[in-house]
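In what follows, a structure is listed as structure tokens, so that the remarks can point back to it.
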Amino acid sequence: MIKIRFAVQFVAVLAFTLACFSFAQAQACRTWVSGVGDDLNPCSRTAPCKTFAGAFSKTAAGGEIDTLDSGGYGTLTISKSITIDGNGTIASVLATGTTGFTINVAATDTVILRHLSISGACATSINGINWINAGGTVILEDLEIEKFGNNLVKANLTGSGNLYINDLRGQNSAGLVIDNDAGIYMKTTSGTLRAQIDNVHLQNNVIGINAEDNTQVTVTNSEISGNGGGNTIGVRVAPDGATPATMTLERVTISHNSQGVRTTQAGGAVATFLSNCNINNATNAGSNAGAGVTVTSFSNNTFAKNTADHAGPYTPVLQQ
């Protein structure tokens, strides 16, 4: 009886140990991917996975996925706090007829995407990054995004969120202005979406940056240029409903668009502030409309080679 009892206890302890080991393997704080990896691996440094999706399921919330070498690591839906870092490699995602990264996390979560190249297939894909639902915090650093049919970066939320973008190079969102497609699109139906955008270079997008309902956006040290024809817009601040929006542009060059900065409203208070900006080669450098619109332009701005420098509400302000 003693031997049987011991055997049963041993088996129970062994099963518990193996279960814990299996859980630990599945939920590492740091995982790795490689172009020659295998998603059946534990995603360790010596036995890496093949794709971001394979590593994501084995990475604990708040953990990090790193790349060991250059490769194509596949699209991913993100449902928890995570950091994905391709530092030192050419870590790419090719989205064929779909979205590169879909972010659908809780309001308390933080997602960081860093040192990545995200490409659509001949502009037939949807969004490079699509952030939806509750909100949270999304940090995008050192990204290249191109060839998507809708938006390069889209934040369409139902709650408050924080968006931080540093060092983004993007081109070719191939949609139409009436669809509000953009290099960077931002909106939330509840709360406030706050965005700080620095050192972005957006070329050949129908709209460079599009801020709609309940947004507070600051753009610094950036360059936005259209395709030189059609109804293109450099920066658009235009809530769909009676909601507020604020845009601050500091040291931003906006060139070769039909409209440089477009500020309109549908019942809410909408404000745009321009400082140290250069707006050139536009039909209208500033195109503003609506009783609730305020456009403030400091005297350090430069307007050159535009058919008209501004139309609609516009307040020039001398430097203090």
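Ordering of the structure tokens sets the chain letters (A, B, ...); residue numbers start at 1 within each chain; ligands are numbered from 1 in the order shown.
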
Where does DSSP see strand (DSSP E) in region 23-252 of chain A, if you list the residues as a ChimeraX atom specification? /A:28-33,59-67,71-72,76-78,82-85,91-95,101-103,110-120,129-133,136-148,153-157,161-173,184-188,193-203,207-211,215-225,233-237,245-252

Can you tell me, as a PyMOL selection string, what residues are no more than 7 Å from region 283-294 of chain A when counting only C-alpha atoms, ignoring any on the same chain fewer than 5 positions away? chain A and resi 258-265+267-272+306-314

Would you kindly return, as a PyMOL selection string, each protein, DNA or RNA residue with an atom no farther than 6 Å from any atom of region 204-221 of chain A, considering only C-alpha atoms and excluding same-chain residues fewer than 4 positions away? chain A and resi 171-173+182-188+192-199+226-227+232-239+243-252

Please dump the current selection as an mmCIF file, in the first residue's frame; keep N, CA and C atoms.
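Now in out_37.cif:
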data_model
loop_
_atom_site.group_PDB
_atom_site.id
_atom_site.type_symbol
_atom_site.label_atom_id
_atom_site.label_comp_id
_atom_site.auth_asym_id
_atom_site.auth_seq_id
_atom_site.Cartn_x
_atom_site.Cartn_y
_atom_site.Cartn_z
ATOM 1 N N GLN A 171 4.175 55.462 -47.648
ATOM 2 C CA GLN A 171 3.735 55.941 -48.951
ATOM 3 C C GLN A 171 2.669 55.010 -49.536
ATOM 4 N N ASN A 172 1.894 55.591 -50.452
ATOM 5 C CA ASN A 172 0.962 54.836 -51.283
ATOM 6 C C ASN A 172 -0.196 54.204 -50.530
ATOM 7 N N SER A 173 -0.999 54.979 -49.839
ATOM 8 C CA SER A 173 -2.346 54.502 -49.521
ATOM 9 C C SER A 173 -3.194 54.885 -50.717
ATOM 10 N N ALA A 182 -5.845 57.466 -45.520
ATOM 11 C CA ALA A 182 -4.744 58.361 -45.188
ATOM 12 C C ALA A 182 -3.473 57.588 -44.868
ATOM 13 N N GLY A 183 -2.387 58.340 -44.816
ATOM 14 C CA GLY A 183 -1.172 57.777 -44.257
ATOM 15 C C GLY A 183 -1.388 57.439 -42.794
ATOM 16 N N ILE A 184 -1.936 58.393 -42.024
ATOM 17 C CA ILE A 184 -2.292 58.171 -40.621
ATOM 18 C C ILE A 184 -3.718 58.668 -40.413
ATOM 19 N N TYR A 185 -4.604 57.774 -39.978
ATOM 20 C CA TYR A 185 -6.016 58.097 -39.749
ATOM 21 C C TYR A 185 -6.319 57.903 -38.272
ATOM 22 N N MET A 186 -7.031 58.878 -37.646
ATOM 23 C CA MET A 186 -7.300 58.819 -36.200
ATOM 24 C C MET A 186 -8.721 59.262 -35.892
ATOM 25 N N LYS A 187 -9.375 58.483 -34.998
ATOM 26 C CA LYS A 187 -10.741 58.800 -34.602
ATOM 27 C C LYS A 187 -11.115 57.944 -33.399
ATOM 28 N N THR A 188 -11.939 58.483 -32.492
ATOM 29 C CA THR A 188 -12.563 57.668 -31.469
ATOM 30 C C THR A 188 -13.985 58.151 -31.235
ATOM 31 N N THR A 192 -11.091 60.459 -25.638
ATOM 32 C CA THR A 192 -10.176 61.264 -26.457
ATOM 33 C C THR A 192 -9.025 60.407 -26.952
ATOM 34 N N LEU A 193 -8.712 60.542 -28.214
ATOM 35 C CA LEU A 193 -7.511 59.920 -28.780
ATOM 36 C C LEU A 193 -6.437 60.985 -28.868
ATOM 37 N N ARG A 194 -5.390 60.827 -28.073
ATOM 38 C CA ARG A 194 -4.268 61.773 -28.059
ATOM 39 C C ARG A 194 -3.106 61.164 -28.838
ATOM 40 N N ALA A 195 -2.539 61.962 -29.755
ATOM 41 C CA ALA A 195 -1.455 61.452 -30.597
ATOM 42 C C ALA A 195 -0.305 62.442 -30.626
ATOM 43 N N GLN A 196 0.900 61.922 -30.463
ATOM 44 C CA GLN A 196 2.135 62.687 -30.627
ATOM 45 C C GLN A 196 2.921 62.030 -31.756
ATOM 46 N N ILE A 197 3.126 62.790 -32.829
ATOM 47 C CA ILE A 197 3.723 62.258 -34.056
ATOM 48 C C ILE A 197 4.964 63.072 -34.383
ATOM 49 N N ASP A 198 6.104 62.406 -34.479
ATOM 50 C CA ASP A 198 7.362 63.112 -34.715
ATOM 51 C C ASP A 198 8.174 62.398 -35.797
ATOM 52 N N ASN A 199 8.770 63.195 -36.669
ATOM 53 C CA ASN A 199 9.670 62.687 -37.708
ATOM 54 C C ASN A 199 9.004 61.631 -38.591
ATOM 55 N N GLY A 226 1.858 65.207 -51.359
ATOM 56 C CA GLY A 226 0.858 64.455 -52.100
ATOM 57 C C GLY A 226 1.398 63.991 -53.436
ATOM 58 N N ASN A 227 0.482 63.589 -54.314
ATOM 59 C CA ASN A 227 0.915 63.074 -55.613
ATOM 60 C C ASN A 227 0.916 64.145 -56.691
ATOM 61 N N THR A 232 -5.945 65.898 -53.384
ATOM 62 C CA THR A 232 -5.134 65.392 -52.281
ATOM 63 C C THR A 232 -5.050 66.419 -51.159
ATOM 64 N N ILE A 233 -4.872 65.942 -49.932
ATOM 65 C CA ILE A 233 -4.833 66.803 -48.755
ATOM 66 C C ILE A 233 -3.624 66.420 -47.910
ATOM 67 N N GLY A 234 -2.857 67.418 -47.510
ATOM 68 C CA GLY A 234 -1.712 67.141 -46.644
ATOM 69 C C GLY A 234 -2.154 66.739 -45.253
ATOM 70 N N VAL A 235 -2.847 67.641 -44.559
ATOM 71 C CA VAL A 235 -3.369 67.380 -43.212
ATOM 72 C C VAL A 235 -4.849 67.745 -43.202
ATOM 73 N N ARG A 236 -5.678 66.819 -42.724
ATOM 74 C CA ARG A 236 -7.131 67.034 -42.666
ATOM 75 C C ARG A 236 -7.588 66.944 -41.217
ATOM 76 N N VAL A 237 -8.293 67.978 -40.740
ATOM 77 C CA VAL A 237 -8.864 67.990 -39.394
ATOM 78 C C VAL A 237 -10.361 68.187 -39.580
ATOM 79 N N ALA A 238 -11.133 67.107 -39.474
ATOM 80 C CA ALA A 238 -12.534 67.184 -39.892
ATOM 81 C C ALA A 238 -13.360 66.109 -39.203
ATOM 82 N N PRO A 239 -13.852 66.378 -37.997
ATOM 83 C CA PRO A 239 -14.744 65.412 -37.344
ATOM 84 C C PRO A 239 -16.008 65.175 -38.159
ATOM 85 N N THR A 243 -18.297 66.788 -32.701
ATOM 86 C CA THR A 243 -17.266 66.419 -31.734
ATOM 87 C C THR A 243 -16.037 67.296 -31.936
ATOM 88 N N PRO A 244 -15.204 67.451 -30.922
ATOM 89 C CA PRO A 244 -14.037 68.336 -31.048
ATOM 90 C C PRO A 244 -12.836 67.639 -31.687
ATOM 91 N N ALA A 245 -11.921 68.471 -32.171
ATOM 92 C CA ALA A 245 -10.637 67.989 -32.676
ATOM 93 C C ALA A 245 -9.647 69.143 -32.622
ATOM 94 N N THR A 246 -8.403 68.815 -32.270
ATOM 95 C CA THR A 246 -7.347 69.825 -32.214
ATOM 96 C C THR A 246 -6.105 69.294 -32.900
ATOM 97 N N MET A 247 -5.502 70.111 -33.759
ATOM 98 C CA MET A 247 -4.281 69.736 -34.466
ATOM 99 C C MET A 247 -3.236 70.824 -34.272
ATOM 100 N N THR A 248 -2.046 70.437 -33.819
ATOM 101 C CA THR A 248 -0.913 71.364 -33.712
ATOM 102 C C THR A 248 0.194 70.877 -34.631
ATOM 103 N N LEU A 249 0.650 71.762 -35.527
ATOM 104 C CA LEU A 249 1.723 71.443 -36.470
ATOM 105 C C LEU A 249 2.908 72.347 -36.172
ATOM 106 N N GLU A 250 4.052 71.747 -35.875
ATOM 107 C CA GLU A 250 5.276 72.485 -35.543
ATOM 108 C C GLU A 250 6.424 71.924 -36.376
ATOM 109 N N ARG A 251 7.048 72.789 -37.197
ATOM 110 C CA ARG A 251 8.155 72.387 -38.068
ATOM 111 C C ARG A 251 7.732 71.247 -39.003
ATOM 112 N N VAL A 252 6.659 71.489 -39.741
ATOM 113 C CA VAL A 252 6.129 70.507 -40.690
ATOM 114 C C VAL A 252 6.130 71.121 -42.083
#

Please provide as a PyMOL selection string all residues within 12 Å of Tyr73 (chain A), with the sequence filter that same-chain residues fewer than 2 positions apart are discarded (counting only C-alpha atoms). chain A and resi 32-39+48-56+65-71+75-76+84-86+89-95+100-101+116-119

Requested write-out: N, CA and C atoms of the selected residues, as a short mmCIF file (atom, residue, chain, number, x, y, z; two decimals), in the first residue's frame:
data_model
loop_
_atom_site.label_atom_id
_atom_site.label_comp_id
_atom_site.auth_asym_id
_atom_site.auth_seq_id
_atom_site.Cartn_x
_atom_site.Cartn_y
_atom_site.Cartn_z
N TRP A 32 11.67 34.50 -29.55
CA TRP A 32 12.50 34.83 -30.71
C TRP A 32 11.92 34.21 -31.97
N VAL A 33 12.10 34.93 -33.09
CA VAL A 33 11.73 34.38 -34.40
C VAL A 33 12.93 34.46 -35.32
N SER A 34 12.93 33.54 -36.30
CA SER A 34 14.01 33.49 -37.28
C SER A 34 13.44 33.07 -38.62
N GLY A 35 14.06 33.52 -39.69
CA GLY A 35 13.63 33.12 -41.01
C GLY A 35 13.76 31.64 -41.26
N VAL A 36 14.57 30.94 -40.47
CA VAL A 36 14.74 29.50 -40.60
C VAL A 36 14.17 28.78 -39.36
N GLY A 37 13.31 29.47 -38.62
CA GLY A 37 12.72 28.86 -37.42
C GLY A 37 11.54 27.97 -37.75
N ASP A 38 10.86 27.51 -36.69
CA ASP A 38 9.72 26.61 -36.83
C ASP A 38 8.73 26.94 -35.72
N ASP A 39 7.46 27.15 -36.08
CA ASP A 39 6.46 27.50 -35.07
C ASP A 39 6.16 26.37 -34.09
N PRO A 48 14.11 29.05 -32.23
CA PRO A 48 13.16 30.13 -32.51
C PRO A 48 11.96 29.67 -33.32
N CYS A 49 10.91 30.48 -33.29
CA CYS A 49 9.74 30.25 -34.13
C CYS A 49 9.95 30.87 -35.51
N LYS A 50 9.00 30.62 -36.39
CA LYS A 50 9.09 31.08 -37.77
C LYS A 50 8.35 32.39 -37.99
N THR A 51 7.23 32.60 -37.26
CA THR A 51 6.36 33.76 -37.51
C THR A 51 6.05 34.50 -36.22
N PHE A 52 5.60 35.76 -36.37
CA PHE A 52 5.15 36.52 -35.21
C PHE A 52 3.93 35.85 -34.57
N ALA A 53 3.04 35.29 -35.39
CA ALA A 53 1.86 34.63 -34.84
C ALA A 53 2.24 33.42 -34.00
N GLY A 54 3.23 32.65 -34.48
CA GLY A 54 3.68 31.50 -33.73
C GLY A 54 4.29 31.89 -32.40
N ALA A 55 5.05 32.99 -32.38
CA ALA A 55 5.69 33.44 -31.14
C ALA A 55 4.71 34.12 -30.21
N PHE A 56 3.70 34.78 -30.76
CA PHE A 56 2.75 35.55 -29.94
C PHE A 56 2.04 34.65 -28.93
N ILE A 65 8.80 40.04 -28.39
CA ILE A 65 9.21 39.16 -29.48
C ILE A 65 10.33 39.85 -30.23
N ASP A 66 11.49 39.19 -30.35
CA ASP A 66 12.64 39.75 -31.05
C ASP A 66 12.99 38.90 -32.27
N THR A 67 13.62 39.54 -33.26
CA THR A 67 14.03 38.82 -34.47
C THR A 67 15.53 38.54 -34.43
N LEU A 68 15.88 37.31 -34.81
CA LEU A 68 17.29 36.91 -34.83
C LEU A 68 17.96 37.27 -36.15
N ASP A 69 17.20 37.29 -37.24
CA ASP A 69 17.76 37.57 -38.55
C ASP A 69 16.67 38.13 -39.45
N SER A 70 17.08 38.52 -40.64
CA SER A 70 16.12 39.09 -41.59
C SER A 70 15.16 38.01 -42.10
N GLY A 71 13.91 38.42 -42.31
CA GLY A 71 12.93 37.47 -42.81
C GLY A 71 11.55 38.10 -42.89
N THR A 75 1.64 38.34 -40.92
CA THR A 75 0.69 39.26 -40.29
C THR A 75 0.31 38.76 -38.90
N LEU A 76 -0.29 39.66 -38.10
CA LEU A 76 -0.59 39.29 -36.72
C LEU A 76 -1.76 40.11 -36.19
N ILE A 84 7.12 44.10 -30.16
CA ILE A 84 7.70 43.36 -31.28
C ILE A 84 8.81 44.21 -31.85
N ASP A 85 10.04 43.69 -31.82
CA ASP A 85 11.23 44.48 -32.15
C ASP A 85 12.07 43.76 -33.19
N GLY A 86 12.28 44.43 -34.34
CA GLY A 86 13.11 43.87 -35.39
C GLY A 86 14.48 44.51 -35.47
N THR A 89 17.85 43.84 -37.91
CA THR A 89 17.51 42.95 -39.01
C THR A 89 16.57 43.66 -39.97
N ILE A 90 16.28 43.01 -41.08
CA ILE A 90 15.20 43.47 -41.96
C ILE A 90 14.00 42.61 -41.63
N ALA A 91 13.24 43.03 -40.64
CA ALA A 91 12.08 42.27 -40.18
C ALA A 91 10.86 42.77 -40.92
N SER A 92 10.33 41.97 -41.82
CA SER A 92 9.27 42.45 -42.70
C SER A 92 7.98 41.65 -42.54
N VAL A 93 6.88 42.33 -42.91
CA VAL A 93 5.56 41.72 -42.95
C VAL A 93 4.96 42.04 -44.31
N LEU A 94 4.60 41.03 -45.07
CA LEU A 94 3.94 41.21 -46.35
C LEU A 94 2.48 40.80 -46.20
N ALA A 95 1.58 41.78 -46.34
CA ALA A 95 0.14 41.51 -46.17
C ALA A 95 -0.50 41.43 -47.54
N GLY A 100 -1.70 44.29 -42.10
CA GLY A 100 -0.43 43.83 -41.54
C GLY A 100 -0.56 43.47 -40.07
N PHE A 101 -0.87 44.46 -39.23
CA PHE A 101 -1.07 44.24 -37.80
C PHE A 101 -2.45 44.77 -37.41
N LEU A 116 10.41 47.78 -37.98
CA LEU A 116 9.72 46.82 -38.84
C LEU A 116 9.42 47.43 -40.20
N SER A 117 9.33 46.56 -41.22
CA SER A 117 8.90 46.95 -42.56
C SER A 117 7.59 46.23 -42.86
N ILE A 118 6.54 47.01 -43.19
CA ILE A 118 5.21 46.45 -43.41
C ILE A 118 4.76 46.85 -44.81
N SER A 119 4.47 45.85 -45.64
CA SER A 119 4.16 46.14 -47.04
C SER A 119 2.90 45.41 -47.47
#

Nearest to Ile126 (chain A) by atom-to-atom distance, counting only C-alpha atoms, from A:Thr102, A:Asn278, A:Thr31, A:Val111: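 Among A:Thr102, A:Asn278, A:Thr31, A:Val111, it is A:Thr102 that comes nearest to Ile126 (chain A).
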
What lies within 8 Å of Ala61 (chain A) using only C-alpha atoms, ignoring chain neighbours under 4 positions off, as a list in words?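 What passes the distance filter is Cys29, Lys80, Ser81 and Ile82 of chain A.
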
At what distance in Å, to one decimal, does CA of Arg169 (chain A) lie from CA of Asn257 (chain A)?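 Interatomic distance, CA of Asn257 (chain A) to CA of Arg169 (chain A): 17.8 Å.
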
Could you tell me how far CA of Leu202 (chain A) lies from CA of Thr77 (chain A), in Å and to one decimal?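 Spanning CA of Leu202 (chain A) to CA of Thr77 (chain A) is a straight-line distance of 24.7 Å.
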
If you measure from CA of Gly159 (chain A) to CA of Ile132 (chain A), what distance in Å do you get, rounded to one decimal?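 Value for the CA of Gly159 (chain A)-CA of Ile132 (chain A) distance: 9.4 Å.
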
Could you check the closest approach to Ser125 (chain A) for each of A:Leu168, A:Leu113, A:Leu40, A:Ile145 and tell me which residue wins, using only C-alpha atoms? A:Ile145
